[in-house]
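S.K.: Dropping in final_21.cif, which is mmCIF, C-alpha atoms and all ligand atoms:
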```
data_my_file
loop_
_atom_site.label_atom_id
_atom_site.label_comp_id
_atom_site.auth_asym_id
_atom_site.auth_seq_id
_atom_site.Cartn_x
_atom_site.Cartn_y
_atom_site.Cartn_z
CA MET A 1 12.55 5.05 -22.83
CA LEU A 2 12.20 1.39 -22.07
CA ALA A 3 8.40 1.31 -21.91
CA ASN A 4 8.11 2.74 -25.41
CA SER A 5 10.72 0.65 -27.06
CA VAL A 6 9.01 -2.45 -25.70
CA LYS A 7 5.62 -1.33 -26.93
CA ALA A 8 6.92 -0.22 -30.31
CA ALA A 9 8.66 -3.52 -30.79
CA SER A 10 5.47 -5.43 -30.12
CA SER A 11 3.19 -3.33 -32.33
CA GLY A 12 5.52 -3.38 -35.35
CA GLU A 13 5.75 0.42 -35.56
CA SER A 14 9.14 1.99 -35.43
CA PRO A 15 8.87 5.40 -33.79
CA SER A 16 12.19 6.78 -32.69
CA THR A 17 13.21 5.55 -29.26
CA TYR A 18 15.10 8.82 -28.84
CA ASN A 19 11.99 10.97 -28.83
CA LEU A 20 9.00 11.45 -26.54
CA THR A 21 6.13 9.08 -27.24
CA LYS A 22 2.94 10.37 -28.89
CA GLY A 23 1.05 8.14 -26.49
CA VAL A 24 -2.57 7.08 -26.70
CA THR A 25 -4.51 9.99 -25.24
CA ASP A 26 -5.43 13.45 -26.54
CA ILE A 27 -3.34 14.96 -23.76
CA SER A 28 -0.27 12.87 -24.59
CA GLN A 29 -0.65 13.98 -28.24
CA GLN A 30 -0.86 17.62 -27.09
CA VAL A 31 2.21 17.17 -24.91
CA TYR A 32 4.06 15.62 -27.85
CA ASP A 33 3.05 18.47 -30.20
CA LEU A 34 4.11 21.02 -27.61
CA HIS A 35 7.43 19.26 -27.19
CA MET A 36 8.02 19.25 -30.97
CA THR A 37 6.97 22.91 -31.40
CA ILE A 38 9.36 24.04 -28.70
CA PHE A 39 12.08 21.76 -30.02
CA TYR A 40 11.82 23.39 -33.48
CA ILE A 41 11.82 26.88 -31.97
CA CYS A 42 15.03 25.93 -30.13
CA VAL A 43 16.53 24.59 -33.38
CA VAL A 44 15.79 27.86 -35.20
CA ILE A 45 17.22 29.94 -32.33
CA GLY A 46 20.31 27.72 -32.29
CA ILE A 47 20.86 28.11 -36.03
CA VAL A 48 20.38 31.91 -35.95
CA VAL A 49 22.61 32.49 -32.90
CA PHE A 50 25.45 30.20 -34.02
CA GLY A 51 25.09 31.50 -37.60
CA VAL A 52 25.56 35.11 -36.51
CA MET A 53 28.47 34.12 -34.27
CA LEU A 54 30.21 32.19 -37.04
CA TYR A 55 29.58 34.93 -39.57
CA ALA A 56 31.04 37.51 -37.19
CA MET A 57 34.08 35.36 -36.40
CA VAL A 58 34.86 34.58 -40.04
CA PHE A 59 34.08 37.86 -41.82
CA HIS A 60 34.98 40.31 -39.06
CA ARG A 61 38.19 38.70 -37.86
CA LYS A 62 41.19 40.79 -36.86
CA SER A 63 43.42 39.42 -39.63
CA ARG A 64 41.10 41.01 -42.21
CA GLY A 65 41.73 44.33 -40.53
CA VAL A 66 38.20 44.79 -39.31
CA LYS A 67 37.78 47.21 -36.45
CA ALA A 68 35.46 46.36 -33.61
CA ALA A 69 32.10 48.09 -33.83
CA ASN A 70 30.91 50.05 -30.85
CA PHE A 71 27.26 50.00 -30.06
CA HIS A 72 27.31 50.57 -26.28
CA GLU A 73 24.08 51.93 -24.87
CA SER A 74 22.35 51.51 -28.19
CA LEU A 75 18.65 51.86 -27.45
CA LYS A 76 17.71 49.93 -30.61
CA VAL A 77 19.80 46.86 -29.74
CA GLU A 78 18.72 46.78 -26.10
CA VAL A 79 15.05 47.04 -27.01
CA ALA A 80 15.45 44.30 -29.63
CA TRP A 81 17.13 41.78 -27.34
CA THR A 82 14.51 42.38 -24.68
CA ILE A 83 11.45 42.30 -26.90
CA ILE A 84 12.38 39.36 -29.15
CA PRO A 85 13.03 36.79 -26.34
CA PHE A 86 9.91 38.11 -24.57
CA ILE A 87 7.78 37.43 -27.64
CA ILE A 88 9.32 33.95 -28.06
CA LEU A 89 8.64 33.09 -24.41
CA ILE A 90 5.04 34.29 -24.57
CA GLY A 91 4.62 32.28 -27.78
CA MET A 92 5.77 29.16 -25.90
CA ALA A 93 3.83 29.90 -22.72
CA ILE A 94 0.39 30.25 -24.32
CA PRO A 95 0.05 26.69 -25.70
CA ALA A 96 1.98 25.22 -22.72
CA THR A 97 -0.37 26.83 -20.21
CA SER A 98 -3.47 25.66 -21.99
CA THR A 99 -2.17 22.05 -22.05
CA LEU A 100 -1.17 22.25 -18.38
CA LEU A 101 -4.62 23.52 -17.43
CA ASP A 102 -6.20 20.61 -19.34
CA MET A 103 -3.89 18.12 -17.58
CA GLU A 104 -4.85 19.48 -14.16
CA ASP A 105 -8.59 19.45 -14.79
CA ALA A 106 -9.67 16.12 -13.32
CA SER A 107 -13.30 17.23 -12.93
CA GLU A 108 -16.32 15.30 -14.20
CA ALA A 109 -14.57 11.95 -14.24
CA ASP A 110 -16.51 8.78 -15.00
CA LEU A 111 -14.40 6.65 -12.67
CA THR A 112 -12.08 7.41 -9.74
CA ILE A 113 -9.18 5.20 -8.74
CA VAL A 114 -7.10 5.70 -5.61
CA VAL A 115 -3.49 4.82 -6.40
CA THR A 116 -1.34 4.16 -3.32
CA GLY A 117 2.38 3.59 -3.57
CA SER A 118 4.21 1.59 -0.94
CA GLN A 119 7.63 0.00 -0.71
CA TRP A 120 7.58 -1.62 -3.29
CA LYS A 121 4.25 -2.12 -4.93
CA TRP A 122 1.15 -0.27 -6.08
CA HIS A 123 -2.34 -0.56 -4.62
CA TYR A 124 -5.43 0.33 -6.64
CA ARG A 125 -8.86 1.04 -5.22
CA TYR A 126 -11.91 1.75 -7.38
CA LEU A 127 -13.52 4.40 -5.25
CA GLU A 128 -17.10 3.97 -6.44
CA HIS A 129 -16.95 0.18 -6.44
CA ASP A 130 -15.99 -2.40 -3.86
CA VAL A 131 -12.83 -3.42 -5.71
CA GLU A 132 -9.23 -3.04 -4.60
CA PHE A 133 -6.02 -4.97 -5.04
CA TYR A 134 -2.24 -4.83 -4.93
CA SER A 135 -0.18 -4.98 -8.10
CA LEU A 136 3.16 -6.72 -7.62
CA LEU A 137 6.17 -7.27 -9.86
CA SER A 138 5.86 -10.68 -11.53
CA THR A 139 9.28 -11.00 -13.16
CA PRO A 140 10.80 -14.25 -11.85
CA VAL A 141 13.76 -13.84 -9.46
CA GLU A 142 15.76 -16.15 -11.72
CA GLN A 143 15.65 -13.52 -14.50
CA ILE A 144 16.73 -10.80 -12.07
CA GLN A 145 19.65 -12.98 -10.94
CA ASN A 146 20.68 -13.61 -14.56
CA LYS A 147 19.96 -17.35 -14.29
CA TRP A 148 17.23 -17.28 -16.94
CA ILE A 149 16.99 -15.31 -20.17
CA LYS A 150 15.18 -12.05 -19.54
CA GLY A 151 11.69 -11.70 -21.02
CA ASP A 152 10.47 -8.88 -23.30
CA ASP A 153 8.68 -7.20 -20.40
CA TYR A 154 11.53 -7.67 -17.95
CA LEU A 155 10.75 -5.64 -14.79
CA LEU A 156 7.72 -4.14 -16.57
CA GLU A 157 5.25 -6.91 -15.72
CA VAL A 158 2.91 -7.41 -12.75
CA ASP A 159 0.69 -10.13 -11.34
CA LYS A 160 -2.47 -8.01 -11.54
CA PRO A 161 -2.52 -4.94 -13.77
CA LEU A 162 -4.71 -1.91 -13.23
CA VAL A 163 -7.71 -2.17 -15.57
CA ILE A 164 -9.40 0.95 -16.93
CA PRO A 165 -11.96 1.61 -19.67
CA THR A 166 -11.15 3.38 -22.93
CA ASP A 167 -13.15 6.47 -23.99
CA ARG A 168 -14.04 7.32 -20.38
CA LYS A 169 -12.41 9.89 -18.16
CA VAL A 170 -10.56 8.14 -15.34
CA ARG A 171 -9.44 10.21 -12.37
CA PHE A 172 -6.48 9.06 -10.29
CA LEU A 173 -6.01 10.09 -6.66
CA MET A 174 -2.37 9.47 -5.79
CA THR A 175 -1.07 8.92 -2.30
CA SER A 176 1.50 6.80 -0.46
CA ASP A 177 1.79 4.61 2.61
CA ASP A 178 5.43 5.39 3.31
CA VAL A 179 7.84 7.45 1.19
CA ILE A 180 7.37 9.51 -1.98
CA HIS A 181 6.70 7.43 -5.08
CA SER A 182 5.65 8.62 -8.52
CA TRP A 183 3.12 6.92 -10.77
CA TRP A 184 4.25 7.22 -14.36
CA VAL A 185 2.76 5.90 -17.60
CA PRO A 186 4.44 7.61 -20.58
CA ASP A 187 1.69 6.63 -23.04
CA PHE A 188 -0.86 8.57 -20.95
CA ALA A 189 1.49 11.50 -20.27
CA VAL A 190 0.66 10.96 -16.60
CA LYS A 191 3.48 11.28 -14.09
CA LYS A 192 2.39 12.29 -10.65
CA ASP A 193 4.06 12.12 -7.25
CA ALA A 194 2.40 9.89 -4.67
CA ASN A 195 3.13 11.59 -1.34
CA PRO A 196 2.34 10.19 2.11
CA GLY A 197 -0.34 12.30 3.79
CA PHE A 198 -1.31 14.12 0.58
CA ILE A 199 -3.57 13.38 -2.34
CA ASN A 200 -2.52 14.44 -5.82
CA GLU A 201 -4.88 14.31 -8.77
CA ALA A 202 -4.32 13.23 -12.34
CA TRP A 203 -6.54 11.85 -15.06
CA THR A 204 -6.52 10.09 -18.38
CA LYS A 205 -8.86 9.19 -21.20
CA VAL A 206 -7.35 6.44 -23.28
CA ASN A 207 -8.26 6.23 -26.96
CA GLU A 208 -7.03 2.74 -27.81
CA PRO A 209 -7.39 -0.53 -25.93
CA GLY A 210 -4.04 -2.08 -25.02
CA ILE A 211 -1.47 -2.79 -22.36
CA TYR A 212 0.51 0.20 -21.23
CA ARG A 213 3.60 0.03 -19.07
CA GLY A 214 5.35 2.46 -16.80
CA GLN A 215 7.43 2.67 -13.68
CA CYS A 216 7.79 4.34 -10.32
CA ALA A 217 9.59 7.56 -11.16
CA GLU A 218 10.70 8.73 -7.72
CA LEU A 219 13.64 7.02 -6.04
CA CYS A 220 11.86 5.28 -3.17
CA GLY A 221 14.36 2.86 -1.70
CA LYS A 222 16.01 -0.48 -2.37
CA ASP A 223 13.43 -1.90 -4.80
CA HIS A 224 12.48 1.34 -6.56
CA GLY A 225 13.25 -0.34 -9.89
CA PHE A 226 10.98 -3.28 -9.03
CA MET A 227 7.55 -1.62 -8.79
CA PRO A 228 6.37 -1.23 -12.37
CA VAL A 229 2.99 0.09 -13.42
CA VAL A 230 0.96 -1.96 -15.90
CA VAL A 231 -2.40 -0.70 -17.13
CA THR A 232 -4.79 -2.68 -19.29
CA ALA A 233 -7.26 -0.46 -21.16
CA LEU A 234 -10.42 -2.31 -22.18
CA GLU A 235 -13.37 -1.19 -24.29
CA PRO A 236 -16.12 0.10 -21.98
CA ALA A 237 -18.37 -2.98 -22.28
CA LYS A 238 -15.46 -5.33 -21.58
CA PHE A 239 -14.39 -3.14 -18.69
CA ASP A 240 -17.86 -3.29 -17.14
CA ALA A 241 -17.83 -7.07 -17.42
CA TRP A 242 -14.37 -7.20 -15.81
CA LEU A 243 -15.49 -4.97 -12.96
CA GLN A 244 -18.58 -7.11 -12.34
CA LYS A 245 -16.39 -10.21 -12.24
CA GLU A 246 -14.07 -8.58 -9.73
CA ILE A 247 -16.99 -7.65 -7.49
CA GLU A 248 -18.28 -11.22 -7.62
CA ALA A 249 -14.81 -12.64 -6.99
CA LYS A 250 -14.57 -10.47 -3.91
CA LYS A 251 -17.87 -11.82 -2.60
CA ALA A 252 -16.72 -15.38 -3.30
CA ALA A 253 -13.44 -14.69 -1.46
CA ALA A 254 -15.35 -13.44 1.57
CA ALA A 255 -17.47 -16.60 1.56
CA GLU A 256 -14.32 -18.71 1.20
CA GLU A 257 -12.74 -16.87 4.12
CA ALA A 258 -15.79 -17.62 6.27
CA ARG A 259 -15.58 -21.28 5.24
CA LEU A 260 -11.86 -21.46 6.08
CA LEU A 261 -12.53 -19.94 9.51
CA ALA A 262 -14.75 -22.89 10.34
CA MET A 263 -12.20 -25.53 9.36
CA ASN A 264 -8.54 -26.44 9.50
CA MET A 265 -6.39 -26.11 6.39
CA SER A 266 -4.04 -29.02 5.83
CA PHE A 267 -0.37 -28.52 6.62
CA ASP A 268 0.56 -29.07 2.98
CA SER A 269 -1.84 -26.48 1.63
CA LEU A 270 -0.66 -23.99 4.26
CA MET A 271 2.96 -24.55 3.21
CA LYS A 272 2.14 -24.30 -0.50
CA GLU A 273 0.16 -21.09 -0.12
CA GLY A 274 2.72 -19.80 2.39
CA GLU A 275 5.58 -20.22 -0.06
CA LYS A 276 3.63 -18.25 -2.67
CA VAL A 277 2.81 -15.40 -0.28
CA TYR A 278 6.38 -15.35 1.02
CA GLY A 279 7.77 -15.07 -2.51
CA ALA A 280 5.44 -12.19 -3.39
CA TYR A 281 5.48 -10.15 -0.17
CA CYS A 282 8.44 -11.10 2.02
CA ALA A 283 11.31 -12.28 -0.17
CA ALA A 284 12.19 -8.79 -1.44
CA CYS A 285 13.60 -7.96 2.02
CA HIS A 286 14.07 -11.25 3.88
CA GLN A 287 15.34 -12.97 0.70
CA ALA A 288 14.02 -16.17 -0.88
CA ASN A 289 16.23 -18.33 1.35
CA GLY A 290 15.13 -16.51 4.53
CA ALA A 291 18.65 -15.29 5.21
CA GLY A 292 17.78 -11.58 5.09
CA LEU A 293 20.38 -8.94 4.28
CA PRO A 294 22.82 -8.64 7.18
CA GLY A 295 22.56 -5.26 8.87
CA VAL A 296 19.52 -4.23 6.79
CA PHE A 297 16.79 -6.86 6.86
CA PRO A 298 16.82 -9.53 9.60
CA GLY A 299 17.16 -13.15 8.60
CA LEU A 300 14.33 -15.51 9.52
CA VAL A 301 16.13 -18.85 9.66
CA GLY A 302 16.37 -19.79 13.33
CA SER A 303 15.49 -16.24 14.41
CA ALA A 304 13.77 -15.36 17.71
CA ILE A 305 10.56 -14.55 15.82
CA THR A 306 10.28 -17.72 13.73
CA THR A 307 11.31 -20.05 16.54
CA GLY A 308 9.70 -18.18 19.46
CA ASP A 309 6.10 -17.60 20.57
CA VAL A 310 3.66 -18.01 17.66
CA LYS A 311 1.62 -15.03 18.90
CA GLU A 312 4.60 -12.69 18.56
CA HIS A 313 5.24 -14.00 15.10
CA ILE A 314 1.61 -13.38 14.10
CA ASP A 315 1.78 -9.94 15.73
CA ILE A 316 4.73 -8.75 13.68
CA VAL A 317 3.18 -9.95 10.40
CA VAL A 318 -0.27 -8.50 11.21
CA ASN A 319 0.82 -5.20 12.77
CA GLY A 320 4.32 -4.68 11.39
CA LYS A 321 7.11 -3.13 13.43
CA LYS A 322 7.06 0.62 13.98
CA GLY A 323 10.13 2.51 12.88
CA THR A 324 11.29 -0.27 10.57
CA ALA A 325 10.54 -1.31 7.00
CA MET A 326 8.39 -4.17 8.32
CA GLN A 327 4.88 -3.31 7.12
CA ALA A 328 1.56 -4.25 8.71
CA PHE A 329 0.13 -6.94 6.46
CA ALA A 330 -3.33 -7.17 8.08
CA LYS A 331 -4.94 -5.24 5.25
CA GLN A 332 -2.73 -6.54 2.46
CA LEU A 333 -3.25 -10.26 3.00
CA THR A 334 -6.23 -12.47 3.76
CA LEU A 335 -6.45 -14.42 7.02
CA ALA A 336 -5.58 -17.61 5.14
CA GLN A 337 -2.56 -15.95 3.51
CA ILE A 338 -1.26 -14.70 6.86
CA ALA A 339 -1.80 -18.13 8.47
CA ALA A 340 -0.03 -19.77 5.55
CA VAL A 341 2.98 -17.46 5.51
CA VAL A 342 3.48 -17.74 9.28
CA THR A 343 3.29 -21.53 8.99
CA TYR A 344 5.73 -21.43 6.09
CA GLU A 345 8.24 -19.22 7.91
CA ARG A 346 8.25 -21.61 10.89
CA ASN A 347 8.79 -24.72 8.80
CA ALA A 348 10.79 -23.68 5.75
CA TRP A 349 14.55 -23.69 5.32
CA GLY A 350 15.03 -26.79 7.46
CA MET A 351 13.34 -25.42 10.58
CA ASN A 352 10.49 -27.98 10.48
CA SER A 353 8.95 -26.83 13.77
CA GLY A 354 5.74 -28.66 12.91
CA ASP A 355 3.75 -25.56 13.97
CA SER A 356 0.70 -25.00 11.86
CA VAL A 357 -1.27 -21.78 12.11
CA GLN A 358 -4.88 -21.67 10.96
CA PRO A 359 -6.91 -18.77 9.54
CA LYS A 360 -9.07 -18.81 12.67
CA ASP A 361 -5.96 -18.27 14.84
CA ILE A 362 -5.27 -15.09 12.89
CA TYR A 363 -8.94 -14.07 13.13
CA GLN A 364 -8.85 -14.56 16.91
CA PHE A 365 -5.56 -12.69 17.23
CA ILE A 366 -6.82 -9.68 15.30
CA ASN A 367 -10.14 -9.52 17.12
CA ASN A 368 -8.72 -10.06 20.61
CA SER A 369 -6.05 -7.42 20.22
CA GLY A 370 -8.81 -4.90 19.62
CA GLU A 371 -7.89 -4.21 16.00
CU CU A 401 8.32 3.85 -5.66
#
```
Kindly transcribe the structure held in the file into structure tokens.
M.R.:
Amino acid sequence: MLANSVKAASSGESPSTYNLTKGVTDISQQVYDLHMTIFYICVVIGIVVFGVMLYAMVFHRKSRGVKAANFHESLKVEVAWTIIPFIILIGMAIPATSTLLDMEDASEADLTIVVTGSQWKWHYRYLEHDVEFYSLLSTPVEQIQNKWIKGDDYLLEVDKPLVIPTDRKVRFLMTSDDVIHSWWVPDFAVKKDANPGFINEAWTKVNEPGIYRGQCAELCGKDHGFMPVVVTALEPAKFDAWLQKEIEAKKAAAAEEARLLAMNMSFDSLMKEGEKVYGAYCAACHQANGAGLPGVFPGLVGSAITTGDVKEHIDIVVNGKKGTAMQAFAKQLTLAQIAAVVTYERNAWGMNSGDSVQPKDIYQFINNSGE
């Protein structure tokens, strides 16, 4: 389990990387104990069954002249091999059921977070607060392409981790924008499918502050391995301060957006921002050099969209293209980010059209098309 071996390596402990993690919540400890209990029961059953078999084969073999016993329709034997497994199964089911019931009981949470999977990133929304953001893979492409040495958290790092408080019950509502994903953090013993059109519940109460890493655990397409989960657990007071800062940052961003609407961004700043947005949101499909993947994702260099009518270009970025993997980015990106990425796509890779698209153009487009 990659996530554990990474964590163990950084904390100096050396728990076996072959076993389940004990994790950092009461539930994960319960799950671990359950796993060990059942493992030991299986070991005992294995030893008894193979022991009896070996004993029978060695001491009752034909060459010793032993005659086969006949206990057909023996009531005693039949009752024994019905009752004994039944008792073992009940013995396993009682603790397992009680843990499962605890895991499913997301009631009386202190905080609710809507977790939305999409190809190929996670979106987090703090339901009771005006805070939401996307969490994207931050491993540099150069590491993925084997040009740079891979970091310790290779493919398990994001630009903006989910932040939760310790010692408080956090409820997760899982859903998806497109296909089935699964939000998995081994240290919390939380692994829950995120299904489009459904909401699944899970919860956690983390005992120790720290950074916990996980992955999407449901094969969800080309970049399934590139949508990690990173959760930072902060002490409650620190968490409250973080949340307050996020709320203020959001207000500041709205003010900045209003300011940008009233002015023109310079071509250089559009291109710089555009390159950043392109790398984070577009390059996974259209590739960093804009060439796309032939037959799968269209190339952008010299394409009808990037060289044609600006309005159509804005339209496809804002609204996406139905029936394809092209998502609608209106809600994922700010007006300035959309303006920048459209500008970038029309001028990068030697196209130099000179077109520059401003945040207010995007604002007008969205509001005139009745969105
Ligand atoms: Cu996924």
S.K.: Do you have the atom CA of Gly295 of chain A-atom CA of Lys276 of chain A distance handy?
M.R.: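 These two atoms are separated by 25.7 Å.
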S.K.: Could you give me the residues within 7 Å of ligand CU 401 (chain A), counting only C-alpha atoms and all ligand atoms, as a PyMOL selection string?
M.R.: chain A and resi 117-120+180-182+216-220+224+227
S.K.: Show which residues sit within 8 Å of segment 354-357 of chain A, as a PyMOL selection string. Count all atoms listed in the file, and ignore same-chain residues fewer than 5 positions away.
M.R.: chain A and resi 267+270+339-340+342-343+346-347+362
S.K.: Can I get the selected residues back with C-alpha atoms, as a short mmCIF file (atom, residue, chain, number, x, y, z; two decimals), in the frame of the given file?
M.R.:
```
data_model
loop_
_atom_site.label_atom_id
_atom_site.label_comp_id
_atom_site.auth_asym_id
_atom_site.auth_seq_id
_atom_site.Cartn_x
_atom_site.Cartn_y
_atom_site.Cartn_z
CA PHE A 267 -0.37 -28.52 6.62
CA LEU A 270 -0.66 -23.99 4.26
CA ALA A 339 -1.80 -18.13 8.47
CA ALA A 340 -0.03 -19.77 5.55
CA VAL A 342 3.48 -17.74 9.28
CA THR A 343 3.29 -21.53 8.99
CA ARG A 346 8.25 -21.61 10.89
CA ASN A 347 8.79 -24.72 8.80
CA ILE A 362 -5.27 -15.09 12.89
#
```
S.K.: Name the closest residue to Val190 of chain A among the candidates A:Val163, A:Val131, A:Leu100, A:Ala280; distances are taken between atoms, counting only C-alpha atoms.
M.R.: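 The closest residue to Val190 of chain A is A:Leu100.
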S.K.: For each of A:Glu132, A:Gly323, A:Ile366, A:Thr175, take the minimum atom-to-atom distance to Leu243 of chain A, counting all atoms listed in the file, then give the residue where this is smallest.
M.R.: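 Under the stated criterion, the closest residue is A:Glu132.
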S.K.: Can you pull out the residues contacting Lys238 of chain A? Cut-off 12 Å, using only C-alpha atoms, and skip same-chain residues under 6 positions away; I want them as a ChimeraX atom specification.
M.R.: /A:163-166,209,232,244-245
S.K.: Find the residue from A:Gly51, A:Pro236, A:Met36, A:Gln143 that sits nearest to Leu111 of chain A; use only C-alpha atoms when measuring.
M.R.: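 Comparing A:Gly51, A:Pro236, A:Met36, A:Gln143 against Leu111 of chain A, the winner is A:Pro236.
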S.K.: Can you sort out the box for segment 174-186 of chain A, edges along x, y and z, all listed atoms in, 8 Å on every side, with centre and edge lengths in Å to one decimal, as JSON?
M.R.:
```
{"center_x": 2.7, "center_y": 7.1, "center_z": -8.6, "size_x": 26.2, "size_y": 20.9, "size_z": 39.9}
```
S.K.: Please check which residues have atoms at most 7 Å from (-4.6, 6.2, -24.1) in the file's coordinates, counting all atoms listed in the file, and write them as a VMD selection string.
M.R.: chain A and resid 23 to 25 187 to 188 205 to 208
S.K.: Within 6 Å of (-0.9, 1.1, -15.4) (coordinates as in the file), grab all the protein and nucleic acid residues, counting only C-alpha atoms, and write them out as a list in words.
M.R.: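 So the residues meeting the distance criterion are Leu162, Arg213, Val229, Val230 and Val231 of chain A.
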S.K.: When distances are computed from only C-alpha atoms, which of A:Asn289, A:Thr324, A:Thr99, A:Asn195 shows the smallest separation from Val115 of chain A?
M.R.: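 Counting only C-alpha atoms, the residue closest to Val115 of chain A is A:Asn195.
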